[in-house]
>>> print(open('coords_39.pdb').read())   # PDB, C-alpha atoms, pLDDT in the B column
ATOM      1  CA  MET A   1     -40.928  -5.241 -62.083  1.00 92.00           C
ATOM      2  CA  GLU A   2     -41.808  -7.034 -58.844  1.00 92.00           C
ATOM      3  CA  LYS A   3     -38.830  -5.508 -57.048  1.00 95.00           C
ATOM      4  CA  LYS A   4     -39.762  -2.035 -58.294  1.00 96.00           C
ATOM      5  CA  LEU A   5     -43.348  -2.493 -57.097  1.00 96.00           C
ATOM      6  CA  LEU A   6     -42.285  -3.817 -53.701  1.00 96.00           C
ATOM      7  CA  VAL A   7     -39.644  -1.139 -53.100  1.00 97.00           C
ATOM      8  CA  THR A   8     -42.083   1.604 -54.107  1.00 97.00           C
ATOM      9  CA  ALA A   9     -44.737   0.066 -51.848  1.00 97.00           C
ATOM     10  CA  GLY A  10     -42.252   0.022 -48.984  1.00 97.00           C
ATOM     11  CA  ILE A  11     -41.277   3.652 -49.514  1.00 97.00           C
ATOM     12  CA  LEU A  12     -44.893   4.781 -49.783  1.00 97.00           C
ATOM     13  CA  GLY A  13     -45.821   2.740 -46.714  1.00 97.00           C
ATOM     14  CA  ALA A  14     -42.971   4.167 -44.654  1.00 97.00           C
ATOM     15  CA  LEU A  15     -43.870   7.694 -45.769  1.00 96.00           C
ATOM     16  CA  SER A  16     -47.467   7.030 -44.759  1.00 96.00           C
ATOM     17  CA  VAL A  17     -46.393   6.153 -41.233  1.00 96.00           C
ATOM     18  CA  VAL A  18     -44.107   9.192 -41.027  1.00 96.00           C
ATOM     19  CA  LEU A  19     -46.746  11.564 -42.402  1.00 95.00           C
ATOM     20  CA  GLY A  20     -49.467  10.073 -40.187  1.00 94.00           C
ATOM     21  CA  ALA A  21     -47.320  10.483 -37.087  1.00 93.00           C
ATOM     22  CA  PHE A  22     -46.329  14.003 -38.176  1.00 91.00           C
ATOM     23  CA  ALA A  23     -50.000  14.894 -38.556  1.00 90.00           C
ATOM     24  CA  ALA A  24     -51.007  13.377 -35.227  1.00 88.00           C
ATOM     25  CA  HIS A  25     -48.211  14.960 -33.228  1.00 89.00           C
ATOM     26  CA  GLY A  26     -46.723  17.894 -35.117  1.00 88.00           C
ATOM     27  CA  LEU A  27     -49.640  19.247 -37.105  1.00 86.00           C
ATOM     28  CA  LYS A  28     -52.449  18.792 -34.589  1.00 85.00           C
ATOM     29  CA  PRO A  29     -51.828  22.177 -32.923  1.00 85.00           C
ATOM     30  CA  ILE A  30     -51.386  23.942 -36.284  1.00 86.00           C
ATOM     31  CA  LEU A  31     -54.103  22.605 -38.575  1.00 84.00           C
ATOM     32  CA  SER A  32     -57.836  22.996 -38.157  1.00 86.00           C
ATOM     33  CA  SER A  33     -59.789  19.823 -37.487  1.00 88.00           C
ATOM     34  CA  ASN A  34     -61.004  19.829 -41.135  1.00 90.00           C
ATOM     35  CA  GLU A  35     -57.449  20.251 -42.441  1.00 87.00           C
ATOM     36  CA  LEU A  36     -56.187  17.509 -40.148  1.00 91.00           C
ATOM     37  CA  GLU A  37     -58.951  15.173 -41.296  1.00 92.00           C
ATOM     38  CA  SER A  38     -58.143  15.938 -44.951  1.00 90.00           C
ATOM     39  CA  PHE A  39     -54.439  15.351 -44.350  1.00 91.00           C
ATOM     40  CA  GLN A  40     -55.205  12.002 -42.705  1.00 94.00           C
ATOM     41  CA  THR A  41     -57.375  11.080 -45.716  1.00 95.00           C
ATOM     42  CA  GLY A  42     -54.350  11.624 -47.966  1.00 96.00           C
ATOM     43  CA  VAL A  43     -52.229   9.452 -45.657  1.00 96.00           C
ATOM     44  CA  ARG A  44     -54.873   6.724 -45.513  1.00 96.00           C
ATOM     45  CA  TYR A  45     -55.275   6.509 -49.292  1.00 97.00           C
ATOM     46  CA  GLN A  46     -51.503   6.498 -49.739  1.00 97.00           C
ATOM     47  CA  PHE A  47     -51.237   3.625 -47.278  1.00 97.00           C
ATOM     48  CA  TYR A  48     -54.052   1.624 -48.904  1.00 97.00           C
ATOM     49  CA  HIS A  49     -52.398   1.941 -52.279  1.00 97.00           C
ATOM     50  CA  ALA A  50     -48.970   0.993 -50.933  1.00 97.00           C
ATOM     51  CA  PHE A  51     -50.564  -2.318 -49.969  1.00 97.00           C
ATOM     52  CA  PHE A  52     -52.230  -2.494 -53.384  1.00 97.00           C
ATOM     53  CA  LEU A  53     -48.807  -2.176 -55.051  1.00 97.00           C
ATOM     54  CA  MET A  54     -47.477  -5.012 -52.875  1.00 96.00           C
ATOM     55  CA  PHE A  55     -50.436  -7.151 -53.826  1.00 95.00           C
ATOM     56  CA  ILE A  56     -49.941  -6.403 -57.533  1.00 95.00           C
ATOM     57  CA  ALA A  57     -46.289  -7.438 -57.263  1.00 95.00           C
ATOM     58  CA  LEU A  58     -47.187 -10.787 -55.745  1.00 93.00           C
ATOM     59  CA  ILE A  59     -49.814 -11.906 -58.273  1.00 90.00           C
ATOM     60  CA  PRO A  60     -48.021 -14.365 -60.547  1.00 85.00           C
ATOM     61  CA  GLY A  61     -50.561 -14.241 -63.388  1.00 82.00           C
ATOM     62  CA  LEU A  62     -50.233 -10.547 -64.165  1.00 89.00           C
ATOM     63  CA  THR A  63     -47.933  -9.759 -67.074  1.00 91.00           C
ATOM     64  CA  GLU A  64     -45.073  -7.305 -66.775  1.00 93.00           C
ATOM     65  CA  GLY A  65     -47.032  -4.921 -68.995  1.00 93.00           C
ATOM     66  CA  SER A  66     -50.097  -5.108 -66.759  1.00 94.00           C
ATOM     67  CA  LYS A  67     -47.990  -4.586 -63.650  1.00 95.00           C
ATOM     68  CA  SER A  68     -46.281  -1.619 -65.304  1.00 96.00           C
ATOM     69  CA  ILE A  69     -49.606   0.023 -66.215  1.00 96.00           C
ATOM     70  CA  LEU A  70     -50.943  -0.527 -62.696  1.00 97.00           C
ATOM     71  CA  TYR A  71     -47.713   0.821 -61.183  1.00 98.00           C
ATOM     72  CA  ILE A  72     -47.934   4.033 -63.206  1.00 97.00           C
ATOM     73  CA  LEU A  73     -51.633   4.554 -62.483  1.00 98.00           C
ATOM     74  CA  VAL A  74     -51.210   3.989 -58.746  1.00 98.00           C
ATOM     75  CA  LEU A  75     -48.032   6.031 -58.380  1.00 97.00           C
ATOM     76  CA  LEU A  76     -49.377   9.009 -60.328  1.00 97.00           C
ATOM     77  CA  GLY A  77     -52.695   8.668 -58.522  1.00 98.00           C
ATOM     78  CA  ILE A  78     -51.026   8.819 -55.106  1.00 97.00           C
ATOM     79  CA  ILE A  79     -48.816  11.743 -56.085  1.00 96.00           C
ATOM     80  CA  LEU A  80     -51.730  13.746 -57.473  1.00 96.00           C
ATOM     81  CA  PHE A  81     -54.397  12.730 -54.940  1.00 96.00           C
ATOM     82  CA  SER A  82     -52.496  12.528 -51.661  1.00 96.00           C
ATOM     83  CA  GLY A  83     -49.817  15.022 -52.697  1.00 94.00           C
ATOM     84  CA  SER A  84     -52.345  17.710 -53.575  1.00 92.00           C
ATOM     85  CA  ILE A  85     -54.170  17.147 -50.282  1.00 92.00           C
ATOM     86  CA  TYR A  86     -50.894  17.548 -48.358  1.00 92.00           C
ATOM     87  CA  ILE A  87     -50.106  20.761 -50.234  1.00 89.00           C
ATOM     88  CA  LEU A  88     -53.603  22.167 -49.759  1.00 87.00           C
ATOM     89  CA  CYS A  89     -53.492  21.483 -46.017  1.00 86.00           C
ATOM     90  CA  LEU A  90     -49.979  22.800 -45.433  1.00 84.00           C
ATOM     91  CA  ASP A  91     -49.425  25.641 -47.904  1.00 78.00           C
ATOM     92  CA  GLU A  92     -51.125  28.429 -45.973  1.00 73.00           C
ATOM     93  CA  HIS A  93     -49.387  27.461 -42.716  1.00 71.00           C
ATOM     94  CA  PHE A  94     -45.883  26.834 -44.007  1.00 70.00           C
ATOM     95  CA  LEU A  95     -45.545  28.544 -47.375  1.00 68.00           C
ATOM     96  CA  LYS A  96     -47.861  31.447 -46.444  1.00 67.00           C
ATOM     97  CA  THR A  97     -49.634  31.143 -49.793  1.00 66.00           C
ATOM     98  CA  LYS A  98     -52.968  29.903 -51.031  1.00 71.00           C
ATOM     99  CA  LEU A  99     -52.235  27.311 -53.701  1.00 69.00           C
ATOM    100  CA  THR A 100     -55.919  26.656 -54.326  1.00 72.00           C
ATOM    101  CA  ALA A 101     -55.178  25.938 -57.994  1.00 71.00           C
ATOM    102  CA  VAL A 102     -53.681  22.624 -56.808  1.00 75.00           C
ATOM    103  CA  ALA A 103     -57.185  21.481 -55.832  1.00 78.00           C
ATOM    104  CA  PHE A 104     -58.032  20.606 -59.427  1.00 85.00           C
ATOM    105  CA  VAL A 105     -55.500  17.749 -59.457  1.00 91.00           C
ATOM    106  CA  THR A 106     -57.025  15.961 -56.441  1.00 93.00           C
ATOM    107  CA  PRO A 107     -59.941  14.497 -58.437  1.00 94.00           C
ATOM    108  CA  LEU A 108     -57.571  13.652 -61.284  1.00 95.00           C
ATOM    109  CA  GLY A 109     -55.456  11.645 -58.851  1.00 96.00           C
ATOM    110  CA  GLY A 110     -58.565   9.941 -57.518  1.00 96.00           C
ATOM    111  CA  THR A 111     -59.619   9.098 -61.061  1.00 97.00           C
ATOM    112  CA  LEU A 112     -56.215   7.494 -61.717  1.00 98.00           C
ATOM    113  CA  LEU A 113     -56.564   5.406 -58.550  1.00 98.00           C
ATOM    114  CA  ILE A 114     -60.043   4.278 -59.626  1.00 98.00           C
ATOM    115  CA  ALA A 115     -58.662   3.493 -63.087  1.00 98.00           C
ATOM    116  CA  ALA A 116     -55.968   1.312 -61.497  1.00 98.00           C
ATOM    117  CA  TRP A 117     -58.607  -0.716 -59.656  1.00 97.00           C
ATOM    118  CA  VAL A 118     -60.717  -1.068 -62.818  1.00 97.00           C
ATOM    119  CA  VAL A 119     -57.689  -2.210 -64.855  1.00 96.00           C
ATOM    120  CA  PHE A 120     -56.843  -4.642 -62.062  1.00 95.00           C
ATOM    121  CA  ILE A 121     -60.378  -6.089 -62.139  1.00 94.00           C
ATOM    122  CA  PHE A 122     -60.259  -6.593 -65.906  1.00 92.00           C
ATOM    123  CA  LYS A 123     -56.814  -8.186 -65.749  1.00 91.00           C
ATOM    124  CA  ILE A 124     -57.964 -10.602 -63.036  1.00 87.00           C
ATOM    125  CA  ILE A 125     -61.103 -11.492 -65.013  1.00 88.00           C
ATOM    126  CA  LYS A 126     -58.914 -12.142 -68.046  1.00 84.00           C
ATOM    127  CA  TYR A 127     -56.468 -14.257 -66.015  1.00 81.00           C
ATOM    128  CA  PHE A 128     -59.256 -16.346 -64.437  1.00 75.00           C
ATOM    129  CA  PRO A 129     -61.690 -16.579 -67.365  1.00 72.00           C
ATOM    130  CA  ASN A 130     -63.593 -19.732 -66.324  1.00 72.00           C
ATOM    131  CA  ASN A 131     -63.956 -19.167 -62.593  1.00 63.00           C
TER     132      ASN A 131
END
>>> encode(input="coords_39.pdb", output="structure tokens")
Amino acid sequence: MEKKLLVTAGILGALSVVLGAFAAHGLKPILSSNELESFQTGVRYQFYHAFFLMFIALIPGLTEGSKSILYILVLLGIILFSGSIYILCLDEHFLKTKLTAVAFVTPLGGTLLIAAWVVFIFKIIKYFPNN
């Protein structure tokens, strides 16, 4: 499980750098300042959670089951939260559509990311019960 977490974290981290650079250089002339800020928010949260996955992988006291639950929550959260933001910012410019229906999954993705942090807190409290 640790390898899976670390490889996924690496992929998500690398994609964050690529997408951040793409936004700063390629999208700046295309997107409005609000769209660019939203896109960068998606990149930032993706990057934060790539580090979170690395951290999860390196905690020896977490069980495989706990790591698996956290992996799923974080990965789905990033896909739904950041992915929907990317789509919402880019669809009108590149796909020439208005996929506004995608907006409903952004808060769902955020909720999954919050859930991952809450599960993490409870697992750490359980692992360190007397401290």
>>> atom_distance(input="coords_39.pdb", atom1="atom CA of Leu112 of chain A", atom2="atom CA of Arg44 of chain A")
16.3 Å
>>> residues_around(input="coords_39.pdb", residues="segment 27-31 of chain A", least_positions_apart="2", cutoff="12 Å", atoms="all atoms listed in the file", output="PyMOL selection string")
chain A and resi 19-25+33-40+86+88-94
>>> closest_atom_pairs(input="coords_39.pdb", of="segment 25-57 of chain A", to="segment 64-84 of chain A", cutoff="8 Å", atoms="only C-alpha atoms", output="Markdown table")
| residue | atom | partner | partner_atom | distance |
| --- | --- | --- | --- | --- |
| A:Thr41 | CA | A:Ser82 | CA | 7.8 |
| A:Gly42 | CA | A:Ser82 | CA | 4.2 |
| A:Val43 | CA | A:Ser82 | CA | 6.8 |
| A:Tyr45 | CA | A:Ser82 | CA | 7.0 |
| A:Gln46 | CA | A:Ile78 | CA | 5.9 |
| A:His49 | CA | A:Val74 | CA | 6.9 |
| A:Leu53 | CA | A:Tyr71 | CA | 6.9 |
| A:Ile56 | CA | A:Lys67 | CA | 6.7 |
| A:Ala57 | CA | A:Lys67 | CA | 7.2 |
>>> write_last_selection(input="coords_39.pdb", atoms="C-alpha atoms", output="PDB file, in the frame of the given file")
ATOM      1  CA  THR A  41     -57.375  11.080 -45.716  1.00 95.00           C
ATOM      2  CA  GLY A  42     -54.350  11.624 -47.966  1.00 96.00           C
ATOM      3  CA  VAL A  43     -52.229   9.452 -45.657  1.00 96.00           C
ATOM      4  CA  TYR A  45     -55.275   6.509 -49.292  1.00 97.00           C
ATOM      5  CA  GLN A  46     -51.503   6.498 -49.739  1.00 97.00           C
ATOM      6  CA  HIS A  49     -52.398   1.941 -52.279  1.00 97.00           C
ATOM      7  CA  LEU A  53     -48.807  -2.176 -55.051  1.00 97.00           C
ATOM      8  CA  ILE A  56     -49.941  -6.403 -57.533  1.00 95.00           C
ATOM      9  CA  ALA A  57     -46.289  -7.438 -57.263  1.00 95.00           C
TER      10      ALA A  57
END
>>> axis_aligned_box(input="coords_39.pdb", around="segment 37-49 of chain A", padding_each_side="3 Å", output="lines of an AutoDock Vina configuration file")
center_x = -55.1
center_y = 8.8
center_z = -46.8
size_x = 13.7
size_y = 20.3
size_z = 17.0
>>> closest_residue(input="coords_39.pdb", among="A:Ile11, A:Ile85, A:Val119, A:Leu58", to="Pro107 of chain A", atoms="only C-alpha atoms")
A:Ile85
>>> atom_distance(input="coords_39.pdb", atom1="atom CA of Ala115 of chain A", atom2="atom CA of Ile59 of chain A")
18.4 Å
>>> resolve_selection(input="coords_39.pdb", expression="the PyMOL selection byres ((chain A and resi 6) around 9)", output="PyMOL selection string")
chain A and resi 1-5+7-11+50+53-58
>>> closest_residue(input="coords_39.pdb", among="A:Leu12, A:Ile87, A:Val17, A:Leu62", to="Thr100 of chain A", atoms="all atoms listed in the file")
A:Ile87
>>> atom_distance(input="coords_39.pdb", atom1="atom CA of Trp117 of chain A", atom2="atom CA of Asn130 of chain A")
20.8 Å
>>> decode(input="coords_39.pdb", residues="segment 19-53 of chain A", atoms="C-alpha atoms", output="PDB file, in the first residue's frame")
ATOM      1  CA  LEU A  19      -1.007  22.184 -14.507  1.00  0.00           C
ATOM      2  CA  GLY A  20       0.272  25.133 -12.456  1.00  0.00           C
ATOM      3  CA  ALA A  21       2.833  26.010 -15.112  1.00  0.00           C
ATOM      4  CA  PHE A  22       0.225  25.537 -17.857  1.00  0.00           C
ATOM      5  CA  ALA A  23      -2.095  27.926 -16.032  1.00  0.00           C
ATOM      6  CA  ALA A  24       0.602  30.522 -15.412  1.00  0.00           C
ATOM      7  CA  HIS A  25       1.957  30.512 -18.945  1.00  0.00           C
ATOM      8  CA  GLY A  26      -0.569  28.993 -21.332  1.00  0.00           C
ATOM      9  CA  LEU A  27      -3.903  29.878 -19.787  1.00  0.00           C
ATOM     10  CA  LYS A  28      -3.153  33.374 -18.505  1.00  0.00           C
ATOM     11  CA  PRO A  29      -4.080  35.046 -21.816  1.00  0.00           C
ATOM     12  CA  ILE A  30      -7.191  32.867 -22.242  1.00  0.00           C
ATOM     13  CA  LEU A  31      -8.860  32.685 -18.837  1.00  0.00           C
ATOM     14  CA  SER A  32     -10.371  35.541 -16.881  1.00  0.00           C
ATOM     15  CA  SER A  33      -8.646  36.445 -13.634  1.00  0.00           C
ATOM     16  CA  ASN A  34     -11.451  34.681 -11.682  1.00  0.00           C
ATOM     17  CA  GLU A  35     -11.111  31.536 -13.806  1.00  0.00           C
ATOM     18  CA  LEU A  36      -7.339  31.581 -13.428  1.00  0.00           C
ATOM     19  CA  GLU A  37      -7.647  31.966  -9.663  1.00  0.00           C
ATOM     20  CA  SER A  38     -10.134  29.069  -9.523  1.00  0.00           C
ATOM     21  CA  PHE A  39      -7.862  26.896 -11.655  1.00  0.00           C
ATOM     22  CA  GLN A  40      -4.924  27.658  -9.354  1.00  0.00           C
ATOM     23  CA  THR A  41      -7.101  26.721  -6.352  1.00  0.00           C
ATOM     24  CA  GLY A  42      -7.653  23.293  -7.920  1.00  0.00           C
ATOM     25  CA  VAL A  43      -3.899  22.937  -8.491  1.00  0.00           C
ATOM     26  CA  ARG A  44      -3.082  24.046  -4.947  1.00  0.00           C
ATOM     27  CA  TYR A  45      -5.493  21.595  -3.312  1.00  0.00           C
ATOM     28  CA  GLN A  46      -4.236  18.796  -5.550  1.00  0.00           C
ATOM     29  CA  PHE A  47      -0.676  19.579  -4.503  1.00  0.00           C
ATOM     30  CA  TYR A  48      -1.528  19.752  -0.785  1.00  0.00           C
ATOM     31  CA  HIS A  49      -3.199  16.374  -0.959  1.00  0.00           C
ATOM     32  CA  ALA A  50      -0.330  14.810  -2.904  1.00  0.00           C
ATOM     33  CA  PHE A  51       1.817  15.648   0.117  1.00  0.00           C
ATOM     34  CA  PHE A  52      -0.903  14.295   2.407  1.00  0.00           C
ATOM     35  CA  LEU A  53      -0.776  10.955   0.556  1.00  0.00           C
TER      36      LEU A  53
END
